[in-house]
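Below: the structure, in structure tokens.
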Protein chains: 2
Amino acid sequence: MAFMIAQRAYLKLFLIGMVEKRRGYGYEMLEELKELFKPFGYVPPQSEIYRALHELVQEGVLYRTKKLKGNDPSVDFQEIVLYHFTEDGHDKAELYKKQVKTDLDRCIGMLNKAVTDHF
Amino acid sequence: MAFMIAQRAYLKLFLIGMVEKRRGYGYEMLEELKELFKPFGYVPPQSEIYRALHELVQEGVLYRTKKLKGNDPSVDFQEIVLYHFTEDGHDKAELYKKQVKTDLDRCIGMLNKAVTDHF
């Protein structure tokens with residue numbers, strides 16, 4: 001058992017939550033995550049977020065679609081990446097969340113123990 | 001800012017606590033730490049514990065003494081390593097503990113956020 005929950009697992013939980021709320025825009029999720037953790041002084045690395053999304057796609061939880069930004073593709077070729085649940089993606093996500101919850105509880109327990117034992 | 005508190009910092013906090021309680025026997029601390037985290041399924045790696053102790057010595061918080069186990073050195077050469085606070089080690093330890101407390105609170109906040117947002 002690792003010392004603490006993996007950063008990737010933690011981020012996957014939040015990414016699943018965003019897709020659940022139909023906010024599956026790749027770039028927006030990235031910005032929202034950065035905003036979310038600002039009060040904790042933690043900046044989730046972009047590479048970790050992309051790897052987390054990649055894993056969720058690999059595991060069959062999410063799939064990706066792309067659309068062009070703007071109406072005239074000759075003017076603006078920028079792609080928008082969107083993430084959606086696969087057919088059984090929601091069930092898979094629920095199962096994954098259960099595992100993460102177990103690890104979160106364990107880690108909170110370990111950190112609380114450090115506080116109650118030493119402060 | 002790292003995602004979570006470092007394993008080494010977490011272990012140093014507990015090691016300081018053990019020396020405070022005059023339980024600074026190297027080997028015993030190792031065994032006590034293993035026992036302490038059993039309910040969490042976490043086995044602190046021996047190498048990490050030794051590195052943590054080494055850092056506390058390097059930082060002038062602790063110093064090390066050795067004594068031979070048993071009364072007759074010709075029979076038993078096994079050394080017992082003991083850790084004690086240096087003259088200003090206790091003050092240094094208190095300062096270090098304050099930093100660790102800040103990080104512990106931050107991490108507990110981040111993990112609790114994951115629970116309240118998603119479960």
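Residue numbering restarts at 1 for every chain of the structure tokens, chains are lettered A, B, ... in their displayed order, and ligands are numbered from 1 as they appear.
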
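Assigned to strand (DSSP E or B) in chain A, given DSSP computed from backbone atoms, are Tyr25, Leu62, Tyr63, Arg64, Thr65, Lys66, Lys67, Leu68, Glu79, Ile80, Val81, Leu82, Tyr83, His84 and Phe85 of chain A.
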
Can you check which residues of chain B have any atom within 9 Å of chain A? Use only C-alpha atoms and format it as JSON, numbers by chain. {"B": [1, 2, 3, 4, 5, 6, 7, 10, 13, 14, 17, 37, 40, 41, 42, 43, 44, 97, 101, 104, 105, 106, 107, 108, 109, 110, 111, 112, 114, 115, 117, 118, 119]}

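Taking CA of Glu48 in chain A and CA of Arg8 in chain B as endpoints, the distance between them is 22.7 Å.
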
Near range 59-62 of chain A, within 7 Å and counting only C-alpha atoms, which residues show up once chain neighbours fewer than 5 positions away are dropped, as a PyMOL selection string? chain A and resi 83-86+89-90+92-93

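If you count only C-alpha atoms and ignore residues fewer than 3 places along the chain from Tyr25 in chain A, what sits within 10 Å of it is Met18, Val19, Arg22, Glu28, Met29, Leu30, Arg64, Thr65, Lys66, Ile80, Val81, Leu82, Tyr83 and His84 of chain A.
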
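Take CA of Leu15 in chain A and CA of Arg51 in chain A: the distance between them is 11.4 Å.
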
Any chance you could list, as a ChimeraX atom specification, the residues in chain A that come up alpha helix (DSSP H) when DSSP is run on the backbone? /A:7-20,26-36,46-58,89-118

Dump of C-alpha atoms for the selected residues, as a tab-separated table (two decimals), in the first residue's frame:
```tsv
chain	number	residue	atom	x	y	z
A	7	GLN	CA	-2.25	12.25	-7.50
A	8	ARG	CA	-3.62	10.60	-10.65
A	9	ALA	CA	-6.44	8.83	-8.78
A	10	TYR	CA	-7.33	12.05	-6.98
A	11	LEU	CA	-7.53	13.96	-10.26
A	12	LYS	CA	-9.52	11.20	-11.98
A	13	LEU	CA	-12.17	11.53	-9.29
A	14	PHE	CA	-12.60	15.24	-10.02
A	15	LEU	CA	-12.55	14.70	-13.79
A	16	ILE	CA	-15.30	12.09	-13.50
A	17	GLY	CA	-17.28	14.58	-11.44
A	18	MET	CA	-16.93	17.24	-14.13
A	19	VAL	CA	-18.06	14.94	-16.92
A	20	GLU	CA	-21.02	13.95	-14.70
A	26	GLY	CA	-10.92	19.35	-22.08
A	27	TYR	CA	-9.46	22.79	-21.70
A	28	GLU	CA	-12.16	24.04	-19.33
A	29	MET	CA	-11.65	21.05	-17.03
A	30	LEU	CA	-7.99	21.90	-16.86
A	31	GLU	CA	-8.69	25.50	-15.90
A	32	GLU	CA	-11.42	24.52	-13.45
A	33	LEU	CA	-9.09	22.10	-11.67
A	34	LYS	CA	-6.41	24.75	-11.33
A	35	GLU	CA	-8.98	27.17	-9.90
A	36	LEU	CA	-10.40	24.55	-7.54
A	46	GLN	CA	-1.19	19.75	-16.87
A	47	SER	CA	0.62	16.56	-17.85
A	48	GLU	CA	-0.97	14.68	-14.92
A	49	ILE	CA	-4.45	15.87	-15.89
A	50	TYR	CA	-3.95	14.72	-19.48
A	51	ARG	CA	-2.61	11.37	-18.30
A	52	ALA	CA	-5.62	11.00	-16.00
A	53	LEU	CA	-7.99	11.70	-18.89
A	54	HIS	CA	-6.04	9.32	-21.10
A	55	GLU	CA	-6.39	6.56	-18.50
A	56	LEU	CA	-10.13	7.12	-18.19
A	57	VAL	CA	-10.41	6.74	-21.96
A	58	GLN	CA	-8.17	3.64	-21.95
A	89	GLY	CA	-18.83	4.37	-18.37
A	90	HIS	CA	-21.03	5.61	-15.59
A	91	ASP	CA	-21.09	2.21	-13.87
A	92	LYS	CA	-17.35	1.84	-14.28
A	93	ALA	CA	-16.89	5.31	-12.84
A	94	GLU	CA	-19.02	4.46	-9.80
A	95	LEU	CA	-16.93	1.36	-9.16
A	96	TYR	CA	-13.73	3.36	-9.48
A	97	LYS	CA	-15.05	6.04	-7.14
A	98	LYS	CA	-15.73	3.41	-4.48
A	99	GLN	CA	-12.08	2.34	-4.58
A	100	VAL	CA	-10.91	5.94	-4.39
A	101	LYS	CA	-13.24	6.58	-1.44
A	102	THR	CA	-11.65	3.71	0.49
A	103	ASP	CA	-8.19	5.14	-0.12
A	104	LEU	CA	-9.32	8.69	0.73
A	105	ASP	CA	-10.70	7.48	4.06
A	106	ARG	CA	-7.48	5.61	4.81
A	107	CYS	CA	-5.35	8.69	4.02
A	108	ILE	CA	-7.57	11.05	6.02
A	109	GLY	CA	-7.23	8.60	8.90
A	110	MET	CA	-3.44	8.60	8.66
A	111	LEU	CA	-3.20	12.38	8.50
A	112	ASN	CA	-5.66	12.84	11.35
A	113	LYS	CA	-3.64	10.38	13.41
A	114	ALA	CA	-0.55	12.54	12.89
A	115	VAL	CA	-2.48	15.59	14.11
A	116	THR	CA	-4.09	13.97	17.15
A	117	ASP	CA	-0.87	12.21	18.20
A	118	HIS	CA	1.42	15.21	17.85
```

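Taking CA of Tyr63 in chain A as the reference point, CA of Arg23 in chain A is found at 13.7 Å.
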